[in-house]
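Asker: Got a file for you: coords.cif, mmCIF, C-alpha atoms.
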data_input
#
loop_
_atom_site.label_atom_id
_atom_site.label_comp_id
_atom_site.auth_asym_id
_atom_site.auth_seq_id
_atom_site.Cartn_x
_atom_site.Cartn_y
_atom_site.Cartn_z
CA MET A 1 22.22 -23.68 13.13
CA PHE A 2 21.98 -21.75 9.92
CA TYR A 3 18.73 -20.45 8.48
CA LYS A 4 17.66 -18.52 5.41
CA ILE A 5 14.40 -16.97 4.25
CA ASN A 6 11.79 -19.50 3.12
CA SER A 7 11.80 -17.69 -0.18
CA VAL A 8 9.27 -19.90 -1.95
CA HIS A 9 6.49 -18.72 0.35
CA VAL A 10 7.74 -15.60 2.12
CA VAL A 11 8.16 -11.99 1.02
CA ALA A 12 9.74 -9.36 3.23
CA GLU A 13 10.34 -5.62 3.18
CA VAL A 14 11.51 -2.99 5.65
CA PHE A 15 9.36 0.11 6.14
CA GLU A 16 10.24 2.81 8.66
CA GLY A 17 12.49 0.40 10.52
CA ASP A 18 9.81 -2.29 10.77
CA LEU A 19 10.52 -5.56 9.02
CA VAL A 20 7.23 -6.83 7.58
CA LEU A 21 7.07 -10.48 6.53
CA VAL A 22 4.24 -12.25 4.74
CA ASN A 23 3.85 -16.01 4.59
CA LEU A 24 1.73 -16.39 1.46
CA ASP A 25 1.18 -20.07 2.14
CA SER A 26 -0.56 -19.47 5.46
CA GLY A 27 -1.88 -15.96 4.79
CA THR A 28 -0.25 -14.73 7.99
CA TYR A 29 1.87 -11.60 8.22
CA PHE A 30 4.37 -10.42 10.78
CA SER A 31 6.16 -7.35 12.04
CA ALA A 32 9.63 -7.70 13.53
CA GLN A 33 10.84 -5.04 15.89
CA GLY A 34 13.77 -4.24 18.17
CA ALA A 35 16.71 -6.43 17.29
CA GLY A 36 14.42 -8.53 15.07
CA PRO A 37 15.31 -6.88 11.74
CA GLY A 38 19.04 -7.11 12.59
CA ILE A 39 18.75 -10.78 13.47
CA TRP A 40 16.83 -11.39 10.22
CA ASP A 41 19.57 -9.66 8.23
CA ALA A 42 22.29 -11.59 10.05
CA LEU A 43 20.61 -14.95 9.45
CA ASN A 44 20.12 -14.22 5.77
CA ALA A 45 23.71 -13.02 5.48
CA GLY A 46 24.83 -16.46 6.68
CA ALA A 47 25.45 -15.94 10.39
CA SER A 48 24.76 -18.90 12.66
CA THR A 49 22.24 -18.69 15.48
CA GLU A 50 25.11 -19.49 17.85
CA ALA A 51 27.03 -16.42 16.66
CA ILE A 52 23.92 -14.23 16.98
CA PHE A 53 23.14 -15.42 20.48
CA GLU A 54 26.81 -15.14 21.47
CA SER A 55 26.78 -11.47 20.46
CA LEU A 56 24.07 -10.92 23.07
CA LYS A 57 25.69 -12.88 25.91
CA ASP A 58 26.18 -9.76 28.03
CA THR A 59 22.48 -8.96 28.01
CA PRO A 60 20.70 -12.18 29.00
CA GLU A 61 17.23 -10.71 28.58
CA ARG A 62 18.01 -9.69 25.01
CA GLN A 63 19.69 -12.99 24.31
CA LYS A 64 16.57 -14.82 25.52
CA ALA A 65 14.36 -12.57 23.38
CA ALA A 66 16.55 -13.35 20.36
CA GLN A 67 16.17 -17.08 20.99
CA VAL A 68 12.40 -16.76 21.22
CA PHE A 69 12.40 -14.62 18.07
CA VAL A 70 14.36 -17.17 16.02
CA ALA A 71 12.15 -19.99 17.31
CA ALA A 72 9.11 -18.00 16.16
CA LEU A 73 10.66 -17.50 12.70
CA VAL A 74 11.13 -21.26 12.44
CA GLU A 75 7.70 -22.11 13.86
CA ASN A 76 5.97 -19.79 11.40
CA LYS A 77 8.03 -21.18 8.51
CA LEU A 78 9.53 -17.81 7.69
CA VAL A 79 12.98 -19.38 7.58
CA ILE A 80 14.24 -22.79 6.64
CA ALA A 81 17.44 -24.59 7.58
CA ALA A 82 20.42 -23.66 5.45
CA ASP A 83 23.86 -25.06 4.86
CA GLY A 84 26.55 -23.30 6.84
CA ALA A 85 28.72 -20.92 4.89
CA GLU A 86 32.41 -21.61 4.44
CA GLY A 87 34.02 -19.81 7.35
CA ALA A 88 32.15 -17.94 10.03
CA VAL A 89 30.04 -14.91 9.14
CA GLU A 90 30.48 -12.32 11.84
CA VAL A 91 27.51 -10.58 13.36
CA THR A 92 28.52 -7.04 12.57
CA ARG A 93 25.39 -5.21 13.61
CA ASP A 94 25.21 -4.30 17.26
CA LEU A 95 22.08 -6.18 18.17
CA ALA A 96 22.40 -5.39 21.85
CA ASP A 97 21.57 -1.73 21.25
CA ALA A 98 18.50 -2.44 19.13
CA GLY A 99 16.09 -3.39 21.90
CA LEU A 100 14.35 -6.67 22.59
CA ALA A 101 13.65 -8.69 19.48
CA SER A 102 9.95 -9.32 18.98
CA LEU A 103 7.72 -10.74 16.28
CA GLU A 104 4.10 -9.63 16.09
CA VAL A 105 1.84 -12.17 14.38
CA TYR A 106 -1.30 -11.19 12.45
CA SER A 107 -3.77 -13.60 10.90
CA ASP A 108 -6.70 -11.21 10.43
CA MET A 109 -6.24 -10.87 6.64
CA GLN A 110 -5.79 -14.56 5.86
CA ASP A 111 -8.82 -14.79 3.60
CA LEU A 112 -7.65 -11.76 1.64
CA LEU A 113 -4.04 -12.93 1.31
CA LEU A 114 -4.98 -16.47 0.36
CA LEU A 115 -6.88 -15.23 -2.69
CA ASP A 116 -3.62 -14.45 -4.41
CA PRO A 117 -3.61 -16.72 -7.45
CA ILE A 118 0.03 -17.68 -7.16
CA HIS A 119 1.37 -18.88 -3.86
CA GLU A 120 4.96 -19.38 -4.74
CA VAL A 121 7.47 -16.63 -5.09
CA ASP A 122 9.13 -17.30 -8.36
CA GLN A 123 8.91 -16.29 -11.94
CA ARG A 124 8.55 -19.74 -13.43
CA GLY A 125 5.77 -20.69 -15.71
CA TRP A 126 4.16 -17.43 -16.69
CA PRO A 127 0.80 -18.18 -18.21
CA VAL A 128 0.81 -18.41 -21.95
CA ALA A 129 -2.26 -18.76 -24.13
CA LYS A 130 -1.96 -21.90 -26.21
CA ALA A 131 -1.61 -21.39 -29.93
CA GLU A 132 -4.82 -21.87 -31.87
CA MET B 1 -52.80 -1.23 -1.06
CA ASP B 2 -49.40 -2.72 -1.82
CA GLN B 3 -46.46 -0.43 -1.41
CA ALA B 4 -44.89 0.27 -4.75
CA ARG B 5 -41.66 -1.64 -5.32
CA PRO B 6 -38.64 0.63 -5.47
CA GLY B 7 -37.17 1.13 -8.91
CA PRO B 8 -33.67 0.05 -9.85
CA ARG B 9 -31.26 1.12 -7.15
CA THR B 10 -27.75 -0.03 -7.97
CA SER B 11 -25.10 1.60 -10.14
CA VAL B 12 -22.64 -0.86 -11.62
CA ILE B 13 -19.27 0.70 -12.40
CA ILE B 14 -16.78 -0.81 -14.85
CA ALA B 15 -13.38 0.53 -15.86
CA THR B 16 -12.60 -0.30 -19.47
CA LYS B 17 -9.60 0.01 -21.73
CA ASN B 18 -9.64 -2.07 -24.86
CA SER B 19 -11.84 -4.58 -23.08
CA GLY B 20 -13.26 -5.99 -26.30
CA PRO B 21 -12.42 -9.65 -25.73
CA TYR B 22 -14.48 -9.94 -22.54
CA ILE B 23 -16.79 -6.94 -22.10
CA ARG B 24 -19.79 -8.48 -23.84
CA GLU B 25 -19.79 -11.43 -21.47
CA CYS B 26 -19.35 -9.10 -18.51
CA LEU B 27 -22.23 -6.82 -19.57
CA ALA B 28 -24.44 -9.80 -20.33
CA SER B 29 -23.92 -11.05 -16.78
CA VAL B 30 -25.03 -7.67 -15.44
CA MET B 31 -28.05 -7.48 -17.75
CA SER B 32 -29.19 -10.98 -16.88
CA GLN B 33 -29.49 -10.16 -13.18
CA THR B 34 -32.74 -11.15 -11.50
CA VAL B 35 -32.87 -7.54 -10.28
CA LEU B 36 -31.54 -5.13 -12.85
CA PRO B 37 -29.25 -2.22 -11.96
CA LYS B 38 -30.29 1.39 -12.32
CA GLU B 39 -27.37 2.03 -14.65
CA ILE B 40 -24.08 0.63 -15.86
CA ILE B 41 -21.31 3.19 -16.04
CA LEU B 42 -18.30 2.36 -18.17
CA VAL B 43 -15.40 4.68 -17.43
CA ASP B 44 -13.34 4.25 -20.53
CA ALA B 45 -9.65 5.04 -20.98
CA ALA B 46 -9.58 5.80 -24.70
CA SER B 47 -10.37 2.33 -25.99
CA ASP B 48 -9.65 1.98 -29.67
CA ASP B 49 -11.08 -1.50 -30.09
CA GLU B 50 -14.74 -2.60 -30.19
CA THR B 51 -15.39 -1.92 -26.48
CA LEU B 52 -17.56 1.15 -27.02
CA GLU B 53 -19.51 -0.40 -29.89
CA ILE B 54 -20.37 -3.36 -27.71
CA ALA B 55 -21.36 -1.07 -24.83
CA ALA B 56 -23.72 0.80 -27.16
CA GLU B 57 -25.75 -2.39 -27.57
CA TYR B 58 -26.80 -2.20 -23.90
CA PRO B 59 -29.36 0.54 -23.16
CA LEU B 60 -28.48 0.73 -19.46
CA ALA B 61 -24.81 1.26 -20.25
CA ARG B 62 -23.51 4.80 -20.17
CA VAL B 63 -19.95 5.53 -21.25
CA ILE B 64 -17.93 8.35 -19.76
CA GLN B 65 -14.43 9.12 -20.90
CA GLN B 66 -11.89 8.84 -18.14
CA VAL B 67 -10.30 12.19 -17.33
CA GLY B 68 -7.56 11.01 -14.99
CA LYS B 69 -5.44 7.89 -14.95
CA GLY B 70 -5.44 4.46 -13.44
CA PHE B 71 -7.94 1.88 -12.38
CA SER B 72 -8.79 3.52 -9.07
CA GLY B 73 -9.20 6.87 -10.74
CA ALA B 74 -11.62 5.34 -13.22
CA TRP B 75 -13.74 3.81 -10.47
CA ASN B 76 -13.74 7.07 -8.55
CA GLU B 77 -14.91 8.94 -11.63
CA GLY B 78 -17.63 6.33 -11.96
CA ILE B 79 -18.70 6.91 -8.37
CA ALA B 80 -18.88 10.66 -9.00
CA ALA B 81 -21.02 10.14 -12.09
CA SER B 82 -23.32 7.55 -10.56
CA ARG B 83 -26.88 8.08 -9.34
CA GLY B 84 -27.65 4.79 -7.65
CA GLU B 85 -28.39 4.25 -3.98
CA PHE B 86 -25.94 1.34 -4.01
CA LEU B 87 -22.61 1.03 -5.84
CA ALA B 88 -21.24 -2.15 -7.35
CA PHE B 89 -18.08 -2.78 -9.33
CA ILE B 90 -16.90 -5.40 -11.74
CA ASP B 91 -13.72 -5.93 -13.73
CA SER B 92 -14.45 -5.95 -17.42
CA ASP B 93 -13.23 -9.55 -17.78
CA ASP B 94 -15.35 -10.98 -14.94
CA CYS B 95 -19.01 -12.02 -14.63
CA TYR B 96 -21.61 -11.66 -11.91
CA THR B 97 -23.69 -14.65 -10.91
CA PRO B 98 -27.38 -14.08 -11.74
CA ARG B 99 -28.69 -13.10 -8.28
CA LYS B 100 -25.80 -10.88 -7.22
CA ILE B 101 -27.71 -7.62 -7.14
CA GLU B 102 -30.91 -9.15 -5.77
CA ARG B 103 -29.16 -10.90 -2.88
CA GLN B 104 -27.08 -7.93 -1.83
CA GLU B 105 -29.86 -5.35 -2.06
CA ALA B 106 -31.92 -7.65 0.17
CA LEU B 107 -29.06 -8.07 2.64
CA LEU B 108 -28.52 -4.32 2.91
CA ASP B 109 -32.25 -3.73 3.32
CA ALA B 110 -32.32 -6.31 6.11
CA ASP B 111 -29.32 -4.81 7.92
CA PRO B 112 -29.44 -1.00 7.98
CA ASN B 113 -26.19 -0.88 10.00
CA ALA B 114 -24.20 -2.62 7.30
CA LEU B 115 -22.51 -0.11 5.03
CA GLY B 116 -21.79 -2.67 2.37
CA SER B 117 -21.83 -6.31 1.43
CA ILE B 118 -19.31 -8.78 0.05
CA GLY B 119 -19.64 -12.41 -0.95
CA PHE B 120 -17.88 -15.38 -2.48
CA VAL B 121 -15.91 -15.80 -5.71
CA ARG B 122 -14.95 -18.72 -7.93
CA HIS B 123 -12.05 -18.33 -10.34
CA PHE B 124 -12.17 -19.81 -13.82
CA ALA B 125 -9.94 -20.04 -16.86
CA ASP B 126 -11.01 -20.17 -20.47
CA PRO B 127 -10.26 -23.34 -22.43
CA GLY B 128 -6.74 -23.09 -23.80
CA GLU B 129 -5.52 -20.78 -21.07
CA GLU B 130 -2.36 -22.34 -19.72
CA LEU B 131 -1.88 -21.61 -16.06
CA PRO B 132 1.54 -21.55 -14.43
CA PRO B 133 2.62 -24.54 -12.33
CA SER B 134 2.54 -22.39 -9.22
CA PHE B 135 -1.09 -21.38 -9.73
CA ASN B 136 -3.25 -22.01 -6.68
CA THR B 137 -5.71 -24.43 -8.29
CA ASP B 138 -7.82 -24.49 -5.13
CA LEU B 139 -9.25 -21.18 -6.38
CA LEU B 140 -10.71 -22.98 -9.41
CA ASN B 141 -12.33 -25.73 -7.39
CA SER B 142 -14.10 -23.99 -4.54
CA ASP B 143 -15.85 -20.75 -3.66
CA LYS B 144 -13.83 -18.36 -1.51
CA ILE B 145 -14.95 -15.40 0.51
CA ALA B 146 -13.72 -12.41 -1.44
CA TRP B 147 -12.94 -8.98 -0.12
CA MET B 148 -12.63 -7.68 -3.64
CA PRO B 149 -14.44 -5.02 -5.68
CA GLY B 150 -16.28 -7.55 -7.84
CA THR B 151 -18.24 -8.93 -4.90
CA LEU B 152 -18.80 -5.56 -3.25
CA MET B 153 -22.06 -3.69 -2.99
CA ALA B 154 -21.63 -0.42 -1.11
CA ARG B 155 -23.84 2.25 0.29
CA ARG B 156 -22.43 5.64 -0.61
CA ALA B 157 -21.66 6.18 3.08
CA LEU B 158 -19.09 3.39 2.91
CA PHE B 159 -16.85 5.54 0.73
CA GLU B 160 -17.28 8.42 3.15
CA ARG B 161 -16.00 6.17 5.95
CA VAL B 162 -13.16 4.43 4.11
CA GLY B 163 -12.38 7.02 1.44
CA LEU B 164 -12.39 6.60 -2.31
CA TRP B 165 -10.27 3.98 -4.04
CA PRO B 166 -6.62 4.96 -3.40
CA GLU B 167 -5.05 6.49 -6.49
CA ASN B 168 -1.47 6.56 -5.24
CA GLN B 169 -0.86 2.87 -5.82
CA VAL B 170 -0.26 1.07 -9.05
CA VAL B 171 -1.81 -2.31 -8.41
CA ALA B 172 -2.68 -2.92 -4.74
CA ALA B 173 -5.28 -0.16 -4.38
CA ASP B 174 -8.29 -2.41 -3.87
CA ALA B 175 -6.48 -4.55 -1.31
CA ASP B 176 -5.44 -1.38 0.52
CA TRP B 177 -9.04 -0.15 0.56
CA PHE B 178 -10.40 -3.42 1.93
CA VAL B 179 -7.68 -3.73 4.58
CA THR B 180 -8.50 -0.19 5.71
CA LEU B 181 -12.20 -1.05 5.81
CA ARG B 182 -11.53 -4.08 7.98
CA ASP B 183 -9.19 -2.24 10.32
CA LYS B 184 -11.95 0.30 10.87
CA LYS B 185 -14.27 -2.59 11.80
CA ILE B 186 -17.02 -1.22 9.60
CA PRO B 187 -20.11 -3.46 9.68
CA MET B 188 -20.54 -5.41 6.46
CA ALA B 189 -23.16 -7.95 5.39
CA VAL B 190 -21.56 -11.13 4.09
CA CYS B 191 -23.53 -12.96 1.41
CA GLU B 192 -22.89 -16.67 1.87
CA GLU B 193 -23.03 -17.51 -1.80
CA ARG B 194 -20.99 -17.02 -4.92
CA LEU B 195 -21.53 -13.61 -6.47
CA LEU B 196 -18.65 -13.44 -8.90
CA ASN B 197 -16.94 -15.60 -11.48
CA LYS B 198 -13.42 -14.26 -11.83
CA ARG B 199 -11.54 -14.95 -15.00
CA VAL B 200 -7.90 -15.97 -14.70
CA HIS B 201 -5.68 -15.14 -17.62
CA GLY B 202 -2.17 -14.00 -18.34
CA ALA B 203 -2.85 -10.30 -18.00
CA ASN B 204 -4.47 -10.41 -14.60
CA LEU B 205 -2.10 -12.98 -13.19
CA SER B 206 0.57 -10.32 -13.44
CA TYR B 207 -1.20 -8.72 -10.48
CA SER B 208 -0.29 -11.66 -8.28
CA THR B 209 1.21 -10.51 -5.01
CA THR B 210 4.07 -12.89 -5.26
CA SER B 211 5.04 -13.00 -8.87
CA ASN B 212 5.14 -9.24 -9.38
CA PRO B 213 7.78 -7.56 -7.20
CA ALA B 214 6.20 -4.11 -7.51
CA TYR B 215 2.87 -5.48 -6.34
CA ALA B 216 4.54 -7.41 -3.52
CA ARG B 217 6.13 -4.19 -2.25
CA GLU B 218 2.84 -2.29 -2.42
CA PHE B 219 1.08 -5.13 -0.70
CA ILE B 220 3.58 -5.38 2.14
CA GLN B 221 3.46 -1.61 2.53
CA LEU B 222 -0.31 -1.65 2.99
CA LEU B 223 0.06 -4.45 5.56
CA HIS B 224 2.59 -2.27 7.37
CA ALA B 225 0.05 0.55 7.41
CA SER B 226 -2.44 -1.92 8.88
CA VAL B 227 0.08 -2.94 11.55
CA LYS B 228 0.48 0.72 12.50
CA ARG B 229 -3.29 1.16 12.76
CA LYS B 230 -3.51 -1.90 14.99
CA ARG B 231 -0.75 -0.59 17.24
CA ALA B 232 -2.58 2.71 17.53
CA ALA B 233 -5.78 0.85 18.42
CA ALA B 234 -3.87 -1.27 20.94
CA SER B 235 -2.47 1.83 22.61
CA GLU B 236 -6.04 2.97 23.06
CA GLY B 237 -6.81 -0.22 24.96
CA ASN B 238 -8.04 -2.50 22.23
CA ASP B 239 -5.23 -5.00 21.67
CA PRO B 240 -5.80 -7.20 18.58
CA GLU B 241 -2.29 -8.59 18.31
CA GLN B 242 -0.27 -11.45 19.63
CA LYS B 243 3.41 -11.28 20.39
CA ALA B 244 6.00 -13.99 20.06
#
Spell out the structure here as structure tokens.

Answerer:
Amino acid sequence: MFYKINSVHVVAEVFEGDLVLVNLDSGTYFSAQGAGPGIWDALNAGASTEAIFESLKDTPERQKAAQVFVAALVENKLVIAADGAEGAVEVTRDLADAGLASLEVYSDMQDLLLLDPIHEVDQRGWPVAKAE
Amino acid sequence: MDQARPGPRTSVIIATKNSGPYIRECLASVMSQTVLPKEIILVDAASDDETLEIAAEYPLARVIQQVGKGFSGAWNEGIAASRGEFLAFIDSDDCYTPRKIERQEALLDADPNALGSIGFVRHFADPGEELPPSFNTDLLNSDKIAWMPGTLMARRALFERVGLWPENQVVAADADWFVTLRDKKIPMAVCEERLLNKRVHGANLSYSTTSNPAYAREFIQLLHASVKRKRAAASEGNDPEQKA
């Protein structure tokens, strides 16, 4: 399977090695740790989940954590299915050394996040005052 | 013998900069409160439109010239200049509902442990204002609980606990302040009614989290700071998080 960021509703940034993701549609935010940021980068670069999991085949515990992590990305609508790239994208980052992938889920600021007036991440349709 | 009613107790603080198009409506909403404020402090950043002339029409309004820069800095200068027991804030393009001050003073009197109060907001757009297709129209159609300065009434002690409005951020300072307040689990009294009508227009939509990349980065950064505070709290035995 191939996935990419659900860019209409999700913004993401890395701070101090933590990948922080916000789903502006649900008002939930997330922190990815361990191999999580590397897996996120690999998915968005066009790597398949099979290639990512294969790179962790020698460390079953980390492979299992990666599978749970990707399932959580999908469940929380942080990624959406993508078309596979032409030719395989190699997983270049050594995910096995990065620790167990994990995704912390926070919903305590939902009411604050859902007050944002625009819930889609794009630049279309800036408000314009109608001519008199 | 009846105890004398306390005099006006709340300072309302407004940051202005060429706020002419909306400031009269804003000030009128403050002056039509069922319980009047002690003072209205306008911290003005060198307006060269009619803002100050309009302010002069309101006897409770006192203008101070902003010394520093930025929205947070203006509010902080307003706090320093204020004399009220309670502090309230309003953007110069927004309007209070008529019982805002009355309801929140009563809530804080009834709950001495609460260091502040927030309430609900309804967004509105002036006729002719064209909103973008991606605008969340639900905000126009229902009242939402609002952790935002315009619904806040604070005891002075609240700023001692949370700190002043952060001045190191361009646009996400108020969100940062409220997230910090909530992470500290400071007791607040929630008013279950609408206290603020918030105007939506082109200029303030640019502060959308999602449509302004600089704001999005600031916003995610403050959420990261919140994550770190939660981890620190969890390591002390209070675990508020879930793990996937």

Asker: Which residue out of B:Pro6, B:Pro132, B:Gly78, B:Pro37 has the minimum interatomic distance to chain A when all atoms listed in the file are used?

Answerer: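 Checking each candidate against chain A, we get B:Pro132 as the closest.
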
Asker: For a test of reading the model, state the distance in Å between CA of Glu13 in chain A and CA of Arg182 in chain B, rounded to one decimal.

Answerer: 22.4 Å

Asker: Carefully work through the PyMOL selection byres ((chain A and resi 114) around 10) for this structure and note down the residues it includes, as a PyMOL selection string.

Answerer: (chain A and resi 23-28+109-113+115-119) or (chain B and resi 136+139+144+146)

Asker: When distances are computed from all atoms listed in the file, which of B:Gly119, B:Gly150, B:Pro59, B:Pro112 shows the smallest separation from Leu36 in chain B?

Answerer: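 Checking each of B:Gly119, B:Gly150, B:Pro59, B:Pro112 against Leu36 in chain B, counting all atoms listed in the file, the winner is B:Pro59.
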
Asker: With distances taken over all atoms listed in the file, which residue among B:Phe135, B:Trp165, B:Phe178, B:Phe71 lies nearest chain A?

Answerer: B:Phe135

Asker: Using all atoms listed in the file, pick whichever of B:Asp93, B:Asp138, B:Glu193, B:Glu39 has the shortest atom-to-atom distance to chain A.

Answerer: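 Of B:Asp93, B:Asp138, B:Glu193, B:Glu39, the one nearest chain A, counting all atoms listed in the file, is B:Asp138.
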
Asker: Which value, in Å to one decimal, gives the distance between CA of Leu19 in chain A and CA of Leu223 in chain B?

Answerer: 11.1 Å
